[in-house]
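Listing of my_file_1.tsv; format and content: TSV, C-alpha atoms and all ligand atoms.
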chain	number	residue	atom	x	y	z
A	1	MET	CA	0.00	0.00	0.00
A	2	GLN	CA	2.77	2.44	0.81
A	3	ARG	CA	3.29	3.95	-2.65
A	4	ARG	CA	-0.41	3.76	-3.47
A	5	TYR	CA	-1.13	5.56	-0.22
A	6	ARG	CA	1.41	8.29	-0.97
A	7	LEU	CA	-0.16	8.74	-4.40
A	8	LEU	CA	-3.59	9.07	-2.79
A	9	ARG	CA	-2.30	11.74	-0.43
A	10	PHE	CA	-1.34	13.82	-3.47
A	11	LEU	CA	-4.64	13.14	-5.21
A	12	ALA	CA	-6.69	13.83	-2.06
A	13	ASP	CA	-7.06	17.53	-2.97
A	14	GLY	CA	-9.38	16.52	-5.83
A	15	ARG	CA	-7.42	18.58	-8.40
A	16	PHE	CA	-5.77	17.45	-11.60
A	17	HIS	CA	-2.18	16.22	-11.35
A	18	SER	CA	-0.17	15.36	-14.43
A	19	GLY	CA	1.56	12.00	-14.71
A	20	GLU	CA	4.86	13.87	-14.84
A	21	GLU	CA	4.19	15.76	-11.62
A	22	LEU	CA	3.06	12.62	-9.79
A	23	GLY	CA	6.06	10.71	-11.10
A	24	HIS	CA	8.31	13.46	-9.81
A	25	LEU	CA	6.67	13.49	-6.38
A	26	LEU	CA	6.86	9.71	-6.08
A	27	GLY	CA	10.27	9.33	-7.66
A	28	VAL	CA	9.05	7.04	-10.48
A	29	GLY	CA	8.52	7.23	-14.25
A	30	ARG	CA	5.21	8.03	-15.97
A	31	ALA	CA	4.63	4.39	-16.87
A	32	ALA	CA	4.91	3.48	-13.19
A	33	VAL	CA	2.42	6.24	-12.35
A	34	TRP	CA	-0.01	4.79	-14.88
A	35	LYS	CA	0.39	1.37	-13.27
A	36	LEU	CA	-0.14	2.83	-9.83
A	37	MET	CA	-3.30	4.56	-11.06
A	38	GLN	CA	-4.59	1.16	-12.22
A	39	SER	CA	-3.87	-0.23	-8.77
A	40	LEU	CA	-6.39	2.27	-7.31
A	41	GLU	CA	-9.29	0.55	-9.03
A	42	PRO	CA	-9.97	-2.06	-6.34
A	43	LEU	CA	-10.08	0.72	-3.75
A	44	GLY	CA	-13.52	1.67	-5.03
A	45	LEU	CA	-12.85	5.35	-5.82
A	46	ASP	CA	-14.02	7.28	-8.87
A	47	VAL	CA	-10.87	8.41	-10.70
A	48	TYR	CA	-10.77	10.55	-13.86
A	49	ALA	CA	-7.90	10.44	-16.36
A	50	VAL	CA	-8.03	13.26	-18.95
A	51	ARG	CA	-5.53	13.55	-21.77
A	52	GLY	CA	-3.42	16.67	-21.42
A	53	LYS	CA	-4.57	17.32	-17.85
A	54	GLY	CA	-3.67	14.21	-15.90
A	55	TYR	CA	-5.52	12.45	-13.13
A	56	ARG	CA	-7.94	13.51	-10.46
A	57	LEU	CA	-10.39	12.03	-7.98
A	58	ALA	CA	-14.08	12.75	-8.48
A	59	GLU	CA	-14.25	14.18	-4.94
A	60	PRO	CA	-11.50	15.50	-2.64
A	61	LEU	CA	-10.72	13.23	0.32
A	62	GLU	CA	-10.27	14.19	3.95
A	63	LEU	CA	-7.85	11.54	5.14
A	64	LEU	CA	-7.98	10.42	8.76
A	65	ASN	CA	-5.67	12.10	11.19
A	66	GLU	CA	-5.12	10.63	14.65
A	67	GLU	CA	-4.77	14.00	16.38
A	68	GLN	CA	-7.95	15.39	14.90
A	69	VAL	CA	-9.85	12.25	15.89
A	70	LEU	CA	-8.51	12.42	19.45
A	71	ALA	CA	-9.42	16.11	19.68
A	72	GLU	CA	-13.12	15.09	19.77
A	73	LEU	CA	-12.72	12.98	22.93
A	74	ASN	CA	-13.71	14.31	26.34
A	75	PRO	CA	-11.55	13.56	29.43
A	76	LEU	CA	-13.59	10.46	30.35
A	77	ALA	CA	-13.31	8.97	26.85
A	78	ALA	CA	-9.60	9.79	26.73
A	79	THR	CA	-8.96	7.83	29.92
A	80	LEU	CA	-11.04	4.91	28.65
A	81	LEU	CA	-9.02	4.55	25.44
A	82	HIS	CA	-5.92	2.41	25.67
A	83	GLN	CA	-4.69	2.51	22.07
A	84	LEU	CA	-5.85	4.16	18.84
A	85	GLU	CA	-4.69	2.93	15.46
A	86	VAL	CA	-5.43	4.54	12.11
A	87	VAL	CA	-4.36	2.27	9.27
A	88	PRO	CA	-4.47	2.97	5.53
A	89	GLU	CA	-5.53	-0.55	4.59
A	90	ILE	CA	-6.70	-3.70	6.35
A	91	ASP	CA	-8.91	-6.69	5.54
A	92	SER	CA	-11.39	-5.91	8.34
A	93	THR	CA	-10.98	-3.81	11.48
A	94	ASN	CA	-13.35	-6.22	13.29
A	95	ARG	CA	-11.33	-9.25	12.25
A	96	TYR	CA	-8.15	-7.51	13.37
A	97	LEU	CA	-9.42	-6.58	16.82
A	98	MET	CA	-11.06	-9.97	17.36
A	99	GLU	CA	-7.66	-11.52	16.73
A	100	ARG	CA	-6.12	-9.14	19.25
A	101	ALA	CA	-8.89	-10.02	21.70
A	102	ARG	CA	-8.09	-13.71	21.37
A	103	SER	CA	-4.39	-13.04	21.89
A	104	GLY	CA	-5.23	-11.39	25.21
A	105	THR	CA	-5.03	-7.64	24.46
A	106	ALA	CA	-6.37	-5.98	27.58
A	107	SER	CA	-9.08	-3.49	26.65
A	108	ALA	CA	-10.25	-0.37	24.87
A	109	ASN	CA	-8.39	-0.52	21.60
A	110	ALA	CA	-9.80	1.30	18.63
A	111	CYS	CA	-8.89	0.86	15.00
A	112	PHE	CA	-9.93	3.05	12.05
A	113	ALA	CA	-9.12	2.07	8.48
A	114	GLU	CA	-9.12	4.17	5.31
A	115	TYR	CA	-9.93	1.04	3.32
A	116	GLN	CA	-11.08	-2.50	4.10
A	117	SER	CA	-10.41	-5.20	1.53
A	118	ALA	CA	-12.77	-7.68	3.24
A	119	GLY	CA	-15.09	-5.54	5.35
A	120	ARG	CA	-17.61	-7.69	7.19
A	121	GLY	CA	-21.31	-6.97	7.42
A	122	ARG	CA	-23.99	-8.80	9.41
A	123	GLN	CA	-25.10	-12.29	8.43
A	124	GLY	CA	-21.84	-13.02	6.56
A	125	ARG	CA	-22.40	-10.24	4.03
A	126	PRO	CA	-19.53	-8.06	2.76
A	127	TRP	CA	-19.30	-4.41	3.79
A	128	ILE	CA	-18.28	-2.29	0.82
A	129	SER	CA	-15.42	-0.14	2.12
A	130	PRO	CA	-13.96	2.27	-0.48
A	131	PHE	CA	-10.82	4.20	0.41
A	132	GLY	CA	-10.89	7.45	2.35
A	133	THR	CA	-14.57	8.29	1.90
A	134	ASN	CA	-16.60	6.61	4.66
A	135	VAL	CA	-15.82	5.68	8.27
A	136	TYR	CA	-14.88	2.15	9.33
A	137	VAL	CA	-14.06	1.75	13.00
A	138	SER	CA	-13.90	-1.03	15.55
A	139	VAL	CA	-13.59	-0.73	19.30
A	140	LEU	CA	-12.48	-3.61	21.51
A	141	ARG	CA	-13.46	-3.75	25.14
A	142	ARG	CA	-13.19	-6.36	27.86
A	143	PHE	CA	-16.14	-7.05	30.15
A	144	ASP	CA	-15.57	-9.03	33.34
A	145	VAL	CA	-19.11	-10.38	33.47
A	146	GLY	CA	-21.07	-13.47	32.44
A	147	ALA	CA	-22.90	-13.76	29.11
A	148	GLU	CA	-26.25	-12.62	30.52
A	149	ALA	CA	-24.93	-9.20	31.47
A	150	LEU	CA	-24.02	-8.56	27.83
A	151	GLN	CA	-27.61	-8.88	26.60
A	152	GLY	CA	-28.65	-5.83	24.65
A	153	LEU	CA	-25.07	-4.65	24.13
A	154	SER	CA	-25.35	-4.42	20.36
A	155	LEU	CA	-28.51	-2.29	20.65
A	156	ALA	CA	-26.81	-0.07	23.22
A	157	ALA	CA	-23.92	0.40	20.79
A	158	GLY	CA	-26.46	1.49	18.15
A	159	VAL	CA	-27.76	4.11	20.57
A	160	ALA	CA	-24.17	5.30	21.12
A	161	VAL	CA	-23.78	5.83	17.35
A	162	ALA	CA	-27.15	7.59	17.17
A	163	ARG	CA	-25.99	9.91	19.97
A	164	ALA	CA	-22.81	10.67	18.03
A	165	LEU	CA	-24.77	11.54	14.90
A	166	SER	CA	-27.32	13.57	16.78
A	167	SER	CA	-24.48	15.58	18.42
A	168	LEU	CA	-23.40	16.45	14.86
A	169	GLY	CA	-26.84	17.79	14.01
A	170	VAL	CA	-28.17	14.74	12.13
A	171	SER	CA	-31.92	14.43	12.52
A	172	GLU	CA	-34.49	11.82	11.44
A	173	LEU	CA	-32.05	9.00	12.18
A	174	LYS	CA	-33.68	5.66	12.99
A	175	LEU	CA	-32.40	2.31	14.21
A	176	LYS	CA	-33.68	-0.81	12.50
A	177	TRP	CA	-33.47	-3.80	14.79
A	178	PRO	CA	-30.97	-5.00	15.56
A	179	ASN	CA	-28.19	-2.87	14.12
A	180	ASP	CA	-28.97	-0.80	11.04
A	181	LEU	CA	-28.67	2.99	10.95
A	182	VAL	CA	-31.45	4.23	8.71
A	183	TRP	CA	-32.45	7.63	7.35
A	184	ARG	CA	-35.73	7.98	5.48
A	185	GLU	CA	-35.86	4.21	4.94
A	186	ARG	CA	-32.37	4.11	3.41
A	187	LYS	CA	-29.33	2.59	5.07
A	188	LEU	CA	-26.76	5.09	6.34
A	189	GLY	CA	-24.61	2.55	8.15
A	190	GLY	CA	-24.57	-0.50	10.34
A	191	LEU	CA	-22.96	-2.15	13.32
A	192	LEU	CA	-21.39	-5.56	13.64
A	193	VAL	CA	-20.83	-6.71	17.20
A	194	GLU	CA	-18.64	-9.77	17.75
A	195	THR	CA	-17.76	-11.45	21.03
A	196	ALA	CA	-15.32	-14.00	22.39
A	197	GLY	CA	-15.35	-15.45	25.90
A	198	GLU	CA	-16.44	-18.10	28.34
A	199	PRO	CA	-20.07	-18.26	29.56
A	200	ALA	CA	-19.03	-17.00	33.01
A	201	GLY	CA	-16.71	-14.35	31.53
A	202	PRO	CA	-14.52	-12.51	30.92
A	203	TRP	CA	-15.75	-11.41	27.49
A	204	HIS	CA	-14.03	-9.48	24.76
A	205	VAL	CA	-16.41	-7.49	22.64
A	206	VAL	CA	-15.62	-5.83	19.33
A	207	VAL	CA	-18.09	-3.20	18.15
A	208	GLY	CA	-17.59	-2.38	14.48
A	209	VAL	CA	-19.30	0.57	12.81
A	210	GLY	CA	-19.48	1.33	9.11
A	211	LEU	CA	-20.94	4.73	8.23
A	212	ASN	CA	-21.45	6.04	4.71
A	213	LEU	CA	-20.12	9.57	4.42
A	214	SER	CA	-19.77	9.97	0.68
A	215	LEU	CA	-20.16	6.84	-1.40
A	216	PRO	CA	-18.30	6.88	-4.73
A	217	GLU	CA	-20.43	5.67	-7.64
A	218	ALA	CA	-18.03	2.81	-8.35
A	219	SER	CA	-18.72	1.44	-4.87
A	220	ALA	CA	-22.40	2.34	-4.66
A	221	ARG	CA	-23.06	0.09	-7.65
A	222	LEU	CA	-22.05	-2.90	-5.51
A	223	ILE	CA	-24.66	-2.26	-2.82
A	224	ASP	CA	-27.88	-4.22	-3.24
A	225	GLN	CA	-30.22	-2.26	-0.97
A	226	PRO	CA	-31.40	1.35	-0.68
A	227	TRP	CA	-28.55	3.40	0.83
A	228	VAL	CA	-27.78	6.97	1.72
A	229	ASP	CA	-24.67	8.84	2.82
A	230	LEU	CA	-24.00	11.58	5.35
A	231	LYS	CA	-23.33	14.20	2.72
A	232	THR	CA	-26.96	13.75	1.60
A	233	VAL	CA	-28.37	13.58	5.13
A	234	ALA	CA	-26.45	16.60	6.47
A	235	PRO	CA	-25.54	18.69	3.45
A	236	GLY	CA	-23.61	21.23	5.60
A	237	GLN	CA	-20.47	19.08	5.15
A	238	ILE	CA	-19.34	17.56	8.44
A	239	GLY	CA	-15.59	16.84	8.43
A	240	ARG	CA	-14.64	13.18	8.27
A	241	ASN	CA	-12.25	13.40	11.24
A	242	ARG	CA	-14.94	15.07	13.28
A	243	VAL	CA	-17.40	12.28	12.54
A	244	ALA	CA	-14.74	9.67	13.32
A	245	GLY	CA	-13.86	11.36	16.63
A	246	ARG	CA	-17.50	11.74	17.69
A	247	LEU	CA	-18.18	8.09	16.94
A	248	LEU	CA	-15.19	7.06	19.03
A	249	LEU	CA	-16.23	9.36	21.88
A	250	HIS	CA	-19.75	7.96	22.07
A	251	LEU	CA	-18.69	4.34	21.58
A	252	LEU	CA	-16.18	4.55	24.42
A	253	THR	CA	-18.50	6.34	26.82
A	254	GLY	CA	-21.50	4.26	25.74
A	255	LEU	CA	-19.67	0.99	26.40
A	256	GLU	CA	-18.59	2.31	29.79
A	257	GLU	CA	-22.19	3.23	30.63
A	258	PHE	CA	-23.29	-0.23	29.48
A	259	SER	CA	-20.68	-1.90	31.71
A	260	ARG	CA	-22.16	-0.05	34.71
A	261	HIS	CA	-25.88	-0.11	34.02
A	262	GLY	CA	-26.50	-2.63	31.21
A	263	PHE	CA	-29.16	-2.26	28.50
A	264	ALA	CA	-31.63	-0.74	30.99
A	265	ALA	CA	-29.82	2.59	30.59
A	266	PHE	CA	-30.41	2.55	26.81
A	267	ARG	CA	-33.75	0.83	26.30
A	268	GLN	CA	-36.04	3.88	26.31
A	269	GLU	CA	-33.68	5.80	24.07
A	270	TRP	CA	-33.47	2.84	21.68
A	271	GLU	CA	-37.26	2.74	21.47
A	272	ARG	CA	-37.33	6.42	20.47
A	273	TYR	CA	-35.16	5.53	17.47
A	274	ASP	CA	-37.08	2.33	16.63
A	275	LEU	CA	-37.87	2.37	12.90
A	276	VAL	CA	-40.33	-0.53	12.86
A	277	ARG	CA	-42.34	0.10	16.01
A	278	ASP	CA	-46.04	-0.66	15.36
A	279	ARG	CA	-45.34	-1.62	11.76
A	280	LEU	CA	-45.87	-4.92	9.98
A	281	VAL	CA	-42.60	-6.72	9.43
A	282	SER	CA	-41.12	-9.99	8.26
A	283	VAL	CA	-38.15	-11.35	10.15
A	284	SER	CA	-36.03	-13.87	8.29
A	285	GLY	CA	-33.89	-16.11	10.43
A	286	VAL	CA	-32.05	-19.29	9.56
A	287	GLY	CA	-34.54	-21.29	7.50
A	288	SER	CA	-37.63	-19.45	8.73
A	289	VAL	CA	-39.60	-16.27	8.21
A	290	THR	CA	-41.88	-14.81	10.89
A	291	HIS	CA	-44.50	-12.19	10.08
A	292	GLY	CA	-45.99	-9.91	12.68
A	293	ARG	CA	-46.39	-6.44	14.12
A	294	ALA	CA	-43.28	-5.01	15.81
A	295	CYS	CA	-43.88	-3.99	19.44
A	296	GLY	CA	-40.49	-2.71	20.58
A	297	VAL	CA	-37.80	-4.65	22.44
A	298	ASP	CA	-37.63	-6.33	25.84
A	299	HIS	CA	-35.02	-5.86	28.59
A	300	THR	CA	-32.60	-8.23	26.80
A	301	GLY	CA	-32.82	-6.41	23.47
A	302	ALA	CA	-34.96	-9.12	21.83
A	303	LEU	CA	-37.45	-7.84	19.24
A	304	LEU	CA	-41.06	-8.28	20.31
A	305	LEU	CA	-43.45	-9.38	17.58
A	306	SER	CA	-47.17	-9.66	17.88
A	307	VAL	CA	-48.16	-12.76	15.89
A	308	ALA	CA	-51.83	-13.80	15.87
A	309	GLY	CA	-52.45	-12.08	19.19
A	310	GLN	CA	-49.41	-13.58	20.92
A	311	ILE	CA	-46.12	-11.85	21.70
A	312	ARG	CA	-43.05	-13.64	20.36
A	313	ARG	CA	-39.43	-12.79	21.18
A	314	VAL	CA	-37.04	-12.72	18.24
A	315	LEU	CA	-33.37	-13.05	19.09
A	316	SER	CA	-31.75	-12.73	15.67
A	317	GLY	CA	-32.59	-12.24	12.03
A	318	ASP	CA	-33.13	-9.67	9.32
A	319	VAL	CA	-36.13	-7.40	9.53
A	320	SER	CA	-37.92	-6.15	6.46
A	321	LEU	CA	-40.96	-3.95	6.37
A	322	ARG	CA	-44.19	-5.22	4.87
A	323	VAL	CA	-46.73	-3.09	3.18
A	324	ALA	CA	-50.11	-3.40	4.90
A	325	VAL	CA	-52.85	-4.72	2.58
A	401	LIG	C1	-24.04	-4.33	8.70
A	401	LIG	O1	-24.10	-5.34	7.98
A	401	LIG	O2	-24.92	-3.47	8.68
A	401	LIG	C2	-22.85	-4.13	9.63
A	401	LIG	C3	-21.72	-3.44	8.96
A	401	LIG	C4	-20.51	-3.25	9.84
A	401	LIG	C5	-19.33	-2.73	9.06
A	401	LIG	C6	-18.19	-2.32	9.96
A	401	LIG	S1	-16.96	-1.40	9.11
A	401	LIG	C7	-15.90	-1.51	10.49
A	401	LIG	C8	-16.04	-2.91	11.03
A	401	LIG	N1	-15.15	-3.82	10.34
A	401	LIG	C9	-15.81	-4.73	9.63
A	401	LIG	O3	-15.28	-5.61	8.95
A	401	LIG	N2	-17.13	-4.55	9.77
A	401	LIG	C10	-17.43	-3.45	10.65

The structure given in the file should be rewritten as structure tokens.
Ligand code: BTN
Amino acid sequence: MQRRYRLLRFLADGRFHSGEELGHLLGVGRAAVWKLMQSLEPLGLDVYAVRGKGYRLAEPLELLNEEQVLAELNPLAATLLHQLEVVPEIDSTNRYLMERARSGTASANACFAEYQSAGRGRQGRPWISPFGTNVYVSVLRRFDVGAEALQGLSLAAGVAVARALSSLGVSELKLKWPNDLVWRERKLGGLLVETAGEPAGPWHVVVGVGLNLSLPEASARLIDQPWVDLKTVAPGQIGRNRVAGRLLLHLLTGLEEFSRHGFAAFRQEWERYDLVRDRLVSVSGVGSVTHGRACGVDHTGALLLSVAGQIRRVLSGDVSLRVAV
């Protein structure tokens, strides 16, 4: 990645750069620049090459900067964070921190990536992660409790992200059970929570968040559901480092609050964000589909469905809305 990354730092301003200029800056010939430009394709960016003018990105990029991210933390969050990493490229920040969890890394590590080559979504789906445009972050935290005390954690983490976005002036945000961030029925982002531990504890939890900030067309074409990005939701242009820092702040403090008070401290707030409350939904699980009316969540974070007059608890699955007939 090194040379590719240096090239991207020059291109990040969104202006045209000639092959000659880039070659000079990188200390390589024009043919090598051309080859490097080809190597950007898998990174999912929209790149223009115009004869006589050179190369430019469709949109300028605000690359992540550790100091600017840390500047968003308050004193409590700063003391909770053990280590922050910002990496240009990784397969998956969740995979990386889960590996660190298994190798015994203590707690409170956070990892942001500019690009994920194998970003993971829920239910084994890929998470499209183009370079330098969206936010991909994972936070690892250790909990010295048994499995039961972790119930509702992934919903609490969703509330933490909603708080971060609301602090940036985003309105109309909804949470779709269990972990989708939705704006006007289109997906703005999602969370993937992974855990490792023994039933009696301790547990290592990795909370991964993917948030669309500005999706390049080349990447958007790969997404098979209605999506939206932050630049559409909050057209005032919120800086990428600011969003990253706010997410980290609220994830760290939210996980701390969860460790003290559990899901009870988040449940009412979660219900205020609930997209499907009182609506007809279908929930697809492994090999089954349940239809019913959504009635909120219980104290464990399970979705409550009213099916033929009976309340059923749903522990996992994908929710889709049904049109009433
Ligand atoms: C979903 O399917 O809605 C969850 C998406 C979670 C994506 C994030 S991006 C950062 C972290 N690393 C991953 O590989 N996945 C999560």

Each chain A residue no farther than 9 Å from ligand LIG 401 (chain A), nearest pair in Å, all atoms listed in the file, as CSV:
residue,atom,partner,partner_atom,distance
A:Asp91,CA,A:LIG401,O3,7.3
A:Ser92,CA,A:LIG401,O3,3.9
A:Thr93,CA,A:LIG401,N1,4.3
A:Asn94,CA,A:LIG401,N1,4.2
A:Arg95,CA,A:LIG401,O3,6.3
A:Tyr96,CA,A:LIG401,N1,8.5
A:Cys111,CA,A:LIG401,C7,8.7
A:Phe112,CA,A:LIG401,C7,7.7
A:Ala113,CA,A:LIG401,C7,7.9
A:Gln116,CA,A:LIG401,O3,7.1
A:Ser117,CA,A:LIG401,O3,8.9
A:Ala118,CA,A:LIG401,O3,6.6
A:Gly119,CA,A:LIG401,O3,3.6
A:Arg120,CA,A:LIG401,O3,3.6
A:Gly121,CA,A:LIG401,O1,3.3
A:Arg122,CA,A:LIG401,O1,3.7
A:Gln123,CA,A:LIG401,O1,7.0
A:Gly124,CA,A:LIG401,O1,8.1
A:Arg125,CA,A:LIG401,O1,6.5
A:Pro126,CA,A:LIG401,O1,7.5
A:Trp127,CA,A:LIG401,C5,5.5
A:Ile128,CA,A:LIG401,C5,8.3
A:Ser129,CA,A:LIG401,S1,7.3
A:Val135,CA,A:LIG401,S1,7.2
A:Tyr136,CA,A:LIG401,C7,4.0
A:Val137,CA,A:LIG401,C7,4.5
A:Ser138,CA,A:LIG401,C8,5.3
A:Val139,CA,A:LIG401,C8,8.9
A:Asn179,CA,A:LIG401,O2,6.4
A:Asp180,CA,A:LIG401,O2,5.4
A:Leu181,CA,A:LIG401,O2,7.8
A:Lys187,CA,A:LIG401,O2,8.3
A:Gly189,CA,A:LIG401,O2,6.1
A:Gly190,CA,A:LIG401,O2,3.4
A:Leu191,CA,A:LIG401,C2,4.2
A:Leu192,CA,A:LIG401,C2,4.5
A:Val193,CA,A:LIG401,C10,8.1
A:Val206,CA,A:LIG401,C8,8.8
A:Val207,CA,A:LIG401,C8,7.4
A:Gly208,CA,A:LIG401,C8,3.8
A:Val209,CA,A:LIG401,C6,4.2
A:Gly210,CA,A:LIG401,S1,3.7
A:Leu211,CA,A:LIG401,S1,7.4

Taking only C-alpha atoms into account, which of A:Ile223, A:Leu73, A:Ala49, A:Val161 comes nearest A:Gly254?
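Nearest candidate to A:Gly254 out of A:Ile223, A:Leu73, A:Ala49, A:Val161: A:Val161.
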
Against stretch 54-61 of chain A, which residues of stretch 19-43 of chain A fall within 9 Å? For each one I want the closest pair of atoms and the distance in Å (one decimal), counting all atoms listed in the file, rows by chain and increasing residue number, as CSV.
residue,atom,partner,partner_atom,distance
A:Gly19,CA,A:Gly54,CA,5.8
A:Glu20,CA,A:Gly54,CA,8.6
A:Met37,CA,A:Tyr55,CA,8.5

Go ahead and write the selection's residues with C-alpha atoms as a PDB file, keeping the file's coordinate frame.
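Once written, selection_34.pdb looks like this:
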ATOM      1  CA  GLY A  19       1.560  12.000 -14.710  1.00  0.00           C
ATOM      2  CA  GLU A  20       4.860  13.870 -14.840  1.00  0.00           C
ATOM      3  CA  MET A  37      -3.300   4.560 -11.060  1.00  0.00           C
TER       4      MET A  37
END

Shell around A:Ser171 at 9 Å using all atoms listed in the file, local window under 4 positions removed, as a count of residues only
5

At a cut-off of 10 Å, using all atoms listed in the file, what residues contact A:Arg102? Leave out same-chain residues fewer than 6 positions from it and give the result as a ChimeraX atom specification.
/A:195-197,204

Test item: write stretch 233-244 of chain A with N, CA, C and O atoms as a CSV table (one decimal), in the first residue's frame:
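Dumped to selection.csv:
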chain,number,residue,atom,x,y,z
A,233,VAL,N,-27.6,13.4,3.9
A,233,VAL,CA,-28.4,13.6,5.1
A,233,VAL,C,-28.1,14.9,5.8
A,233,VAL,O,-29.0,15.6,6.3
A,234,ALA,N,-26.8,15.3,5.8
A,234,ALA,CA,-26.4,16.6,6.5
A,234,ALA,C,-25.6,17.4,5.5
A,234,ALA,O,-24.4,17.4,5.5
A,235,PRO,N,-26.3,18.1,4.6
A,235,PRO,CA,-25.5,18.7,3.4
A,235,PRO,C,-24.5,19.8,3.9
A,235,PRO,O,-23.7,20.2,3.1
A,236,GLY,N,-24.6,20.2,5.1
A,236,GLY,CA,-23.6,21.2,5.6
A,236,GLY,C,-22.2,20.8,5.6
A,236,GLY,O,-21.3,21.6,6.0
A,237,GLN,N,-21.9,19.6,5.2
A,237,GLN,CA,-20.5,19.1,5.2
A,237,GLN,C,-19.9,19.0,6.6
A,237,GLN,O,-19.3,19.9,7.1
A,238,ILE,N,-20.0,17.8,7.1
A,238,ILE,CA,-19.3,17.6,8.4
A,238,ILE,C,-18.0,16.9,8.1
A,238,ILE,O,-18.0,15.9,7.4
A,239,GLY,N,-16.9,17.4,8.7
A,239,GLY,CA,-15.6,16.8,8.4
A,239,GLY,C,-15.5,15.4,8.8
A,239,GLY,O,-16.1,14.9,9.8
A,240,ARG,N,-14.7,14.6,8.0
A,240,ARG,CA,-14.6,13.2,8.3
A,240,ARG,C,-14.0,12.9,9.6
A,240,ARG,O,-14.4,12.0,10.3
A,241,ASN,N,-12.9,13.6,10.0
A,241,ASN,CA,-12.2,13.4,11.2
A,241,ASN,C,-13.2,13.7,12.4
A,241,ASN,O,-13.1,13.1,13.5
A,242,ARG,N,-14.0,14.7,12.2
A,242,ARG,CA,-14.9,15.1,13.3
A,242,ARG,C,-15.9,13.9,13.5
A,242,ARG,O,-16.2,13.6,14.6
A,243,VAL,N,-16.4,13.4,12.4
A,243,VAL,CA,-17.4,12.3,12.5
A,243,VAL,C,-16.7,11.1,13.2
A,243,VAL,O,-17.2,10.5,14.1
A,244,ALA,N,-15.5,10.8,12.8
A,244,ALA,CA,-14.7,9.7,13.3
A,244,ALA,C,-14.5,9.9,14.8
A,244,ALA,O,-14.8,9.0,15.6
